Each structure stands twice: as structure tokens, then as C-alpha cells.
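As provided, input_11.txt (compact mmCIF, C-alpha atoms) reads as follows.
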# COMPACT_ATOMS: atom_id res chain seq x y z
CA MET E 655 4.42 46.18 15.18
CA THR E 656 7.19 44.62 17.20
CA SER E 657 9.25 41.71 15.93
CA LEU E 658 9.47 40.20 19.41
CA GLY E 659 8.68 36.51 19.17
CA LEU E 660 8.46 36.37 15.38
CA LEU E 661 10.55 33.81 13.58
CA HIS E 662 13.91 35.29 12.56
CA HIS E 663 15.26 32.42 10.44
CA VAL E 664 15.25 28.66 10.01
CA GLU E 665 18.36 26.73 8.96
CA ILE E 666 18.03 23.38 7.20
CA TYR E 667 20.85 21.02 6.29
CA VAL E 668 20.37 19.34 2.90
CA SER E 669 21.86 16.31 1.16
CA ASP E 670 22.40 17.93 -2.26
CA LEU E 671 22.80 21.71 -2.26
CA LYS E 672 22.27 22.22 -6.01
CA ARG E 673 19.11 20.10 -6.08
CA SER E 674 17.76 21.93 -3.04
CA ASN E 675 18.65 25.31 -4.53
CA ASP E 676 16.72 24.46 -7.70
CA PHE E 677 13.68 23.36 -5.70
CA TRP E 678 13.61 26.02 -3.00
CA GLY E 679 14.68 28.83 -5.33
CA TRP E 680 11.73 28.13 -7.60
CA PHE E 681 9.17 27.72 -4.80
CA LEU E 682 10.28 30.61 -2.60
CA SER E 683 10.50 33.03 -5.52
CA GLU E 684 6.87 32.09 -6.36
CA LEU E 685 5.97 33.28 -2.84
CA GLY E 686 7.88 36.56 -3.10
CA TYR E 687 11.13 35.60 -1.37
CA THR E 688 14.38 36.93 -2.80
CA LEU E 689 17.83 35.41 -2.71
CA TYR E 690 19.47 36.84 0.41
CA GLN E 691 22.84 35.13 0.84
CA GLU E 692 24.88 32.68 -1.20
CA TRP E 693 28.17 31.00 -0.36
CA GLU E 694 29.94 27.78 -1.32
CA GLU E 695 28.19 25.61 1.28
CA GLY E 696 24.78 27.28 1.33
CA PHE E 697 22.23 29.90 0.40
CA SER E 698 19.32 31.73 1.98
CA TRP E 699 16.06 33.29 0.79
CA LYS E 700 14.36 36.19 2.57
CA LEU E 701 10.85 37.64 2.82
CA GLY E 702 10.41 40.61 5.12
CA ASP E 703 12.48 40.06 8.24
CA THR E 704 12.44 36.25 8.02
CA TYR E 705 14.80 34.09 6.03
CA LEU E 706 15.37 30.41 5.31
CA VAL E 707 18.91 29.07 5.20
CA PHE E 708 19.94 25.87 3.39
CA VAL E 709 23.36 24.36 4.05
CA GLN E 710 25.08 21.36 2.48
CA ALA E 711 25.35 18.60 5.10
CA LYS E 712 28.82 17.15 5.52
CA GLU E 713 29.40 13.73 3.95
CA LYS E 714 29.85 12.03 7.35
CA TYR E 715 26.27 12.99 8.30
CA LEU E 716 24.56 11.76 5.13
CA ASP E 717 24.41 8.10 6.18
CA VAL E 718 21.04 8.53 7.91
CA PRO E 719 18.54 10.23 5.61
CA TYR E 720 15.99 12.73 6.84
CA HIS E 721 12.51 11.50 7.72
CA ARG E 722 9.80 13.86 8.94
CA CYS E 723 8.41 11.28 11.39
CA ARG E 724 11.64 11.17 13.40
CA VAL E 725 12.36 13.68 16.13
CA GLY E 726 12.86 17.09 14.57
CA LEU E 727 11.24 19.14 11.87
CA ASN E 728 8.04 17.68 10.41
CA HIS E 729 7.18 20.28 7.78
CA LEU E 730 7.21 23.91 6.71
CA ALA E 731 3.85 25.58 6.03
CA PHE E 732 3.53 28.79 4.01
CA HIS E 733 0.65 31.20 3.51
CA ALA E 734 -0.74 31.39 -0.03
CA SER E 735 -2.40 34.57 -1.29
CA SER E 736 -5.51 32.70 -2.47
CA ARG E 737 -7.00 29.38 -3.47
CA GLU E 738 -6.06 30.30 -7.03
CA GLN E 739 -2.39 30.50 -6.04
CA VAL E 740 -2.65 27.07 -4.43
CA ASP E 741 -4.16 25.74 -7.67
CA GLU E 742 -1.47 27.41 -9.83
CA LEU E 743 1.36 26.02 -7.75
CA THR E 744 -0.31 22.60 -7.65
CA GLU E 745 -0.14 22.51 -11.45
CA LYS E 746 3.51 23.62 -11.40
CA VAL E 747 4.39 20.95 -8.81
CA ARG E 748 2.73 18.32 -11.00
CA SER E 749 4.40 19.57 -14.20
CA LYS E 750 7.82 19.51 -12.51
CA GLY E 751 7.25 15.89 -11.42
CA MET E 752 7.57 16.73 -7.73
CA ASN E 753 6.15 14.35 -5.15
CA MET E 754 2.69 15.62 -4.22
CA LEU E 755 1.29 14.24 -0.96
CA TYR E 756 -2.30 13.23 -0.16
CA LYS E 757 -3.35 13.34 -3.84
CA ASP E 758 -6.58 11.48 -3.09
CA LYS E 759 -7.68 14.22 -0.66
CA HIS E 760 -6.25 17.27 -2.46
CA PRO E 761 -6.93 20.16 -1.87
CA PHE E 762 -8.78 19.32 1.37
CA ALA E 763 -6.26 16.93 2.97
CA GLY E 764 -6.21 19.18 6.04
CA GLY E 765 -10.01 19.15 6.41
CA ASP E 766 -13.16 20.41 4.70
CA HIS E 767 -12.32 24.09 5.19
CA TYR E 768 -8.53 23.83 4.85
CA TYR E 769 -7.48 24.42 1.21
CA ALA E 770 -3.83 23.46 0.78
CA LEU E 771 -1.15 21.83 -1.28
CA PHE E 772 1.18 19.30 0.34
CA PHE E 773 4.37 18.14 -1.40
CA GLU E 774 7.99 17.20 -0.67
CA ASP E 775 11.34 18.83 -1.25
CA PRO E 776 14.29 16.77 -2.60
CA ASP E 777 15.11 15.49 0.92
CA ARG E 778 11.44 14.61 1.51
CA ILE E 779 10.76 17.53 3.85
CA LYS E 780 7.04 18.14 3.68
CA VAL E 781 6.09 21.54 2.28
CA GLU E 782 2.60 22.96 2.73
CA LEU E 783 0.98 25.90 0.99
CA VAL E 784 -2.23 27.06 2.70
CA ALA E 785 -4.90 29.32 1.21
CA PRO E 786 -6.57 31.91 3.45
CA GLU E 787 -9.92 30.88 4.93
Let me see the structure of the file written as C-alpha cells.
Amino acid sequence: MTSLGLLHHVEIYVSDLKRSNDFWGWFLSELGYTLYQEWEEGFSWKLGDTYLVFVQAKEKYLDVPYHRCRVGLNHLAFHASSREQVDELTEKVRSKGMNMLYKDKHPFAGGDHYYALFFEDPDRIKVELVAPE
């Protein structure tokens, strides 16, 4: 299989590096990612040939908070191994007090045959975990 066209990495600037590291470190390790790089202003997590990079935004850029409905990134969606994994991580998200989205439609907020968990990271980036059909 060729890697041509596959996503190499995504870099996201965050408002609080430690808070984001706690959140993303927990979630990505649940999905099989491993810590790839770590430096004073950032960290990255890798799975296969793809990695996610998180960098502390400079103070002068923190005046306008992120919102997924503005131009730019709306959300990150990840494959789950099963509906059971979606259910397990749903319980962990709830127990950690994270902001779960579309609670009234969970786990079918994406449609009758779309089994998923939707929640937010510390900067309110929407995170989606989708079970296989």
C-alpha cells in the first residue's frame, strides 16, 4: 500500500498545553497512539505513519478563542474498533466530566446507522469516535 495522499500529520495550536496534554494523552492512548515527540512548547502522538501535534499558542494569539463554526477546523473524527469501545469511552468521558455533545441523540447523533460519541477537548474542538458499520 502506498502512503500517497494519506494524512501525514495535523498540527493544532492550544490555549493550555498541560490541559490539552492531559486530555489528548488519555484519549489517544485509548486508541493505540503512542507519545511521539515532546518539547517545551508542544507534544505529538503517533499511530502508524500519522501523528497529531499540539503546540502552545503564543499569548498574543489567545485573545480570540477557538470556535469550530468559524473558518478552519470543525472536528477530528477517529475510528473506533467496535460499538463496545464507543460505549466504554462514553462512560470514561462522562466519569471525567468532559463535555459530551448531542446527549439527547447519543449514540445515534449522526443518524440511525451511525454509532458514535461526540465530545469536546479543553479548547472546545469537537472530537468524534465512530464505530464500524
Excluding same-chain residues fewer than 3 positions from region 662-665 of chain E, what lies within 7 Å of it counting all atoms listed in the file, as a PDB file with C-alpha atoms, keeping the file's coordinate frame?
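Generated output (selection-v7.pdb):
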ATOM      1  CA  ASP E 703      12.480  40.060   8.240  1.00  0.00           C
ATOM      2  CA  THR E 704      12.440  36.250   8.020  1.00  0.00           C
ATOM      3  CA  TYR E 705      14.800  34.090   6.030  1.00  0.00           C
ATOM      4  CA  LEU E 706      15.370  30.410   5.310  1.00  0.00           C
ATOM      5  CA  VAL E 707      18.910  29.070   5.200  1.00  0.00           C
ATOM      6  CA  PHE E 708      19.940  25.870   3.390  1.00  0.00           C
TER       7      PHE E 708
END
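As for CA of Tyr768 (chain E) and CA of Thr688 (chain E), they are spaced 27.5 Å apart.
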Contact check, region 713-783 of chain E to region 668-684 of chain E, at most 7 Å, counting all atoms listed in the file, closest pairs as a Markdown table:
| residue | atom | partner | partner_atom | distance |
| --- | --- | --- | --- | --- |
| E:Leu716 | CA | E:Ser669 | CA | 6.6 |
| E:Asp775 | CA | E:Phe677 | CA | 6.8 |
| E:Pro776 | CA | E:Ser674 | CA | 6.2 |
| E:Asp777 | CA | E:Ser669 | CA | 6.8 |
Could the residues in this selection be written to a file with C-alpha atoms, as an mmCIF file, in the frame of the given file?
data_model
loop_
_atom_site.group_PDB
_atom_site.id
_atom_site.type_symbol
_atom_site.label_atom_id
_atom_site.label_comp_id
_atom_site.auth_asym_id
_atom_site.auth_seq_id
_atom_site.Cartn_x
_atom_site.Cartn_y
_atom_site.Cartn_z
ATOM 1 C CA LEU E 716 24.560 11.760 5.130
ATOM 2 C CA ASP E 775 11.340 18.830 -1.250
ATOM 3 C CA PRO E 776 14.290 16.770 -2.600
ATOM 4 C CA ASP E 777 15.110 15.490 0.920
#
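Among E:Ala734, E:Gly659, E:Glu694, E:Tyr667, the residue with the shortest atom-to-atom distance to Lys712 (chain E), counting only C-alpha atoms, is E:Tyr667.
Proximity ranking of E:Tyr690, E:Leu701, E:Phe772, E:Glu787 relative to Asn753 (chain E) places E:Phe772 first, based on all atoms listed in the file.
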**Prompt:** When distances are computed from only C-alpha atoms, which of E:Tyr715, E:Tyr756, E:Trp699, E:Phe773 shows the smallest separation from Leu730 (chain E)?
**Reply:** E:Phe773
Which polymer residues have any atom within 12 Å of an atom of Lys759 (chain E), counting all atoms listed in the file, with same-chain residues fewer than 2 positions away left out, as a PDB file with C-alpha atoms, in the frame of the given file?
ATOM      1  CA  MET E 754       2.690  15.620  -4.220  1.00  0.00           C
ATOM      2  CA  LEU E 755       1.290  14.240  -0.960  1.00  0.00           C
ATOM      3  CA  TYR E 756      -2.300  13.230  -0.160  1.00  0.00           C
ATOM      4  CA  LYS E 757      -3.350  13.340  -3.840  1.00  0.00           C
ATOM      5  CA  PRO E 761      -6.930  20.160  -1.870  1.00  0.00           C
ATOM      6  CA  PHE E 762      -8.780  19.320   1.370  1.00  0.00           C
ATOM      7  CA  ALA E 763      -6.260  16.930   2.970  1.00  0.00           C
ATOM      8  CA  GLY E 764      -6.210  19.180   6.040  1.00  0.00           C
ATOM      9  CA  GLY E 765     -10.010  19.150   6.410  1.00  0.00           C
ATOM     10  CA  ASP E 766     -13.160  20.410   4.700  1.00  0.00           C
ATOM     11  CA  TYR E 768      -8.530  23.830   4.850  1.00  0.00           C
ATOM     12  CA  TYR E 769      -7.480  24.420   1.210  1.00  0.00           C
ATOM     13  CA  ALA E 770      -3.830  23.460   0.780  1.00  0.00           C
ATOM     14  CA  LEU E 771      -1.150  21.830  -1.280  1.00  0.00           C
ATOM     15  CA  PHE E 772       1.180  19.300   0.340  1.00  0.00           C
TER      16      PHE E 772
END
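If you look at CA of Asn728 (chain E) and CA of Thr656 (chain E), they are 27.8 Å away from each other.
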Box in all listed atoms of region 730-744 of chain E, axis-aligned, with 8 Å more on each side; write out centre and edge lengths in Å to one decimal as AutoDock Vina command-line options.
--center_x 0.1 --center_y 28.6 --center_z -1.6 --size_x 30.2 --size_y 28.0 --size_z 32.5
**Asked** Between CA of Val784 (chain E) and CA of Thr744 (chain E), what is the distance, to one decimal in Å?
**Response** 11.4 Å
**Request:** Within 8 Å of region 720-724 of chain E, counting only C-alpha atoms, which residues show up once you throw out same-chain ones fewer than 5 positions away? Write them as a ChimeraX atom specification, please.
**Result:** /E:729,777-780
For the residues selected in the previous step, produce a file with C-alpha atoms as a PDB file, in the coordinates of the input.
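out05.pdb was written with the following content:
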ATOM      1  CA  HIS E 729       7.180  20.280   7.780  1.00  0.00           C
ATOM      2  CA  ASP E 777      15.110  15.490   0.920  1.00  0.00           C
ATOM      3  CA  ARG E 778      11.440  14.610   1.510  1.00  0.00           C
ATOM      4  CA  ILE E 779      10.760  17.530   3.850  1.00  0.00           C
ATOM      5  CA  LYS E 780       7.040  18.140   3.680  1.00  0.00           C
TER       6      LYS E 780
END
**Fill in**
If you count all atoms listed in the file, the residue of E:Leu658, E:Phe732, E:Glu745, E:His760 closest to Pro786 (chain E) turns out to be E:Phe732
**Among listed residues E:Val740, E:Leu660, E:Ala711, E:Val718, nearest Glu782 (chain E) (using all atoms listed in the file)** = E:Val740
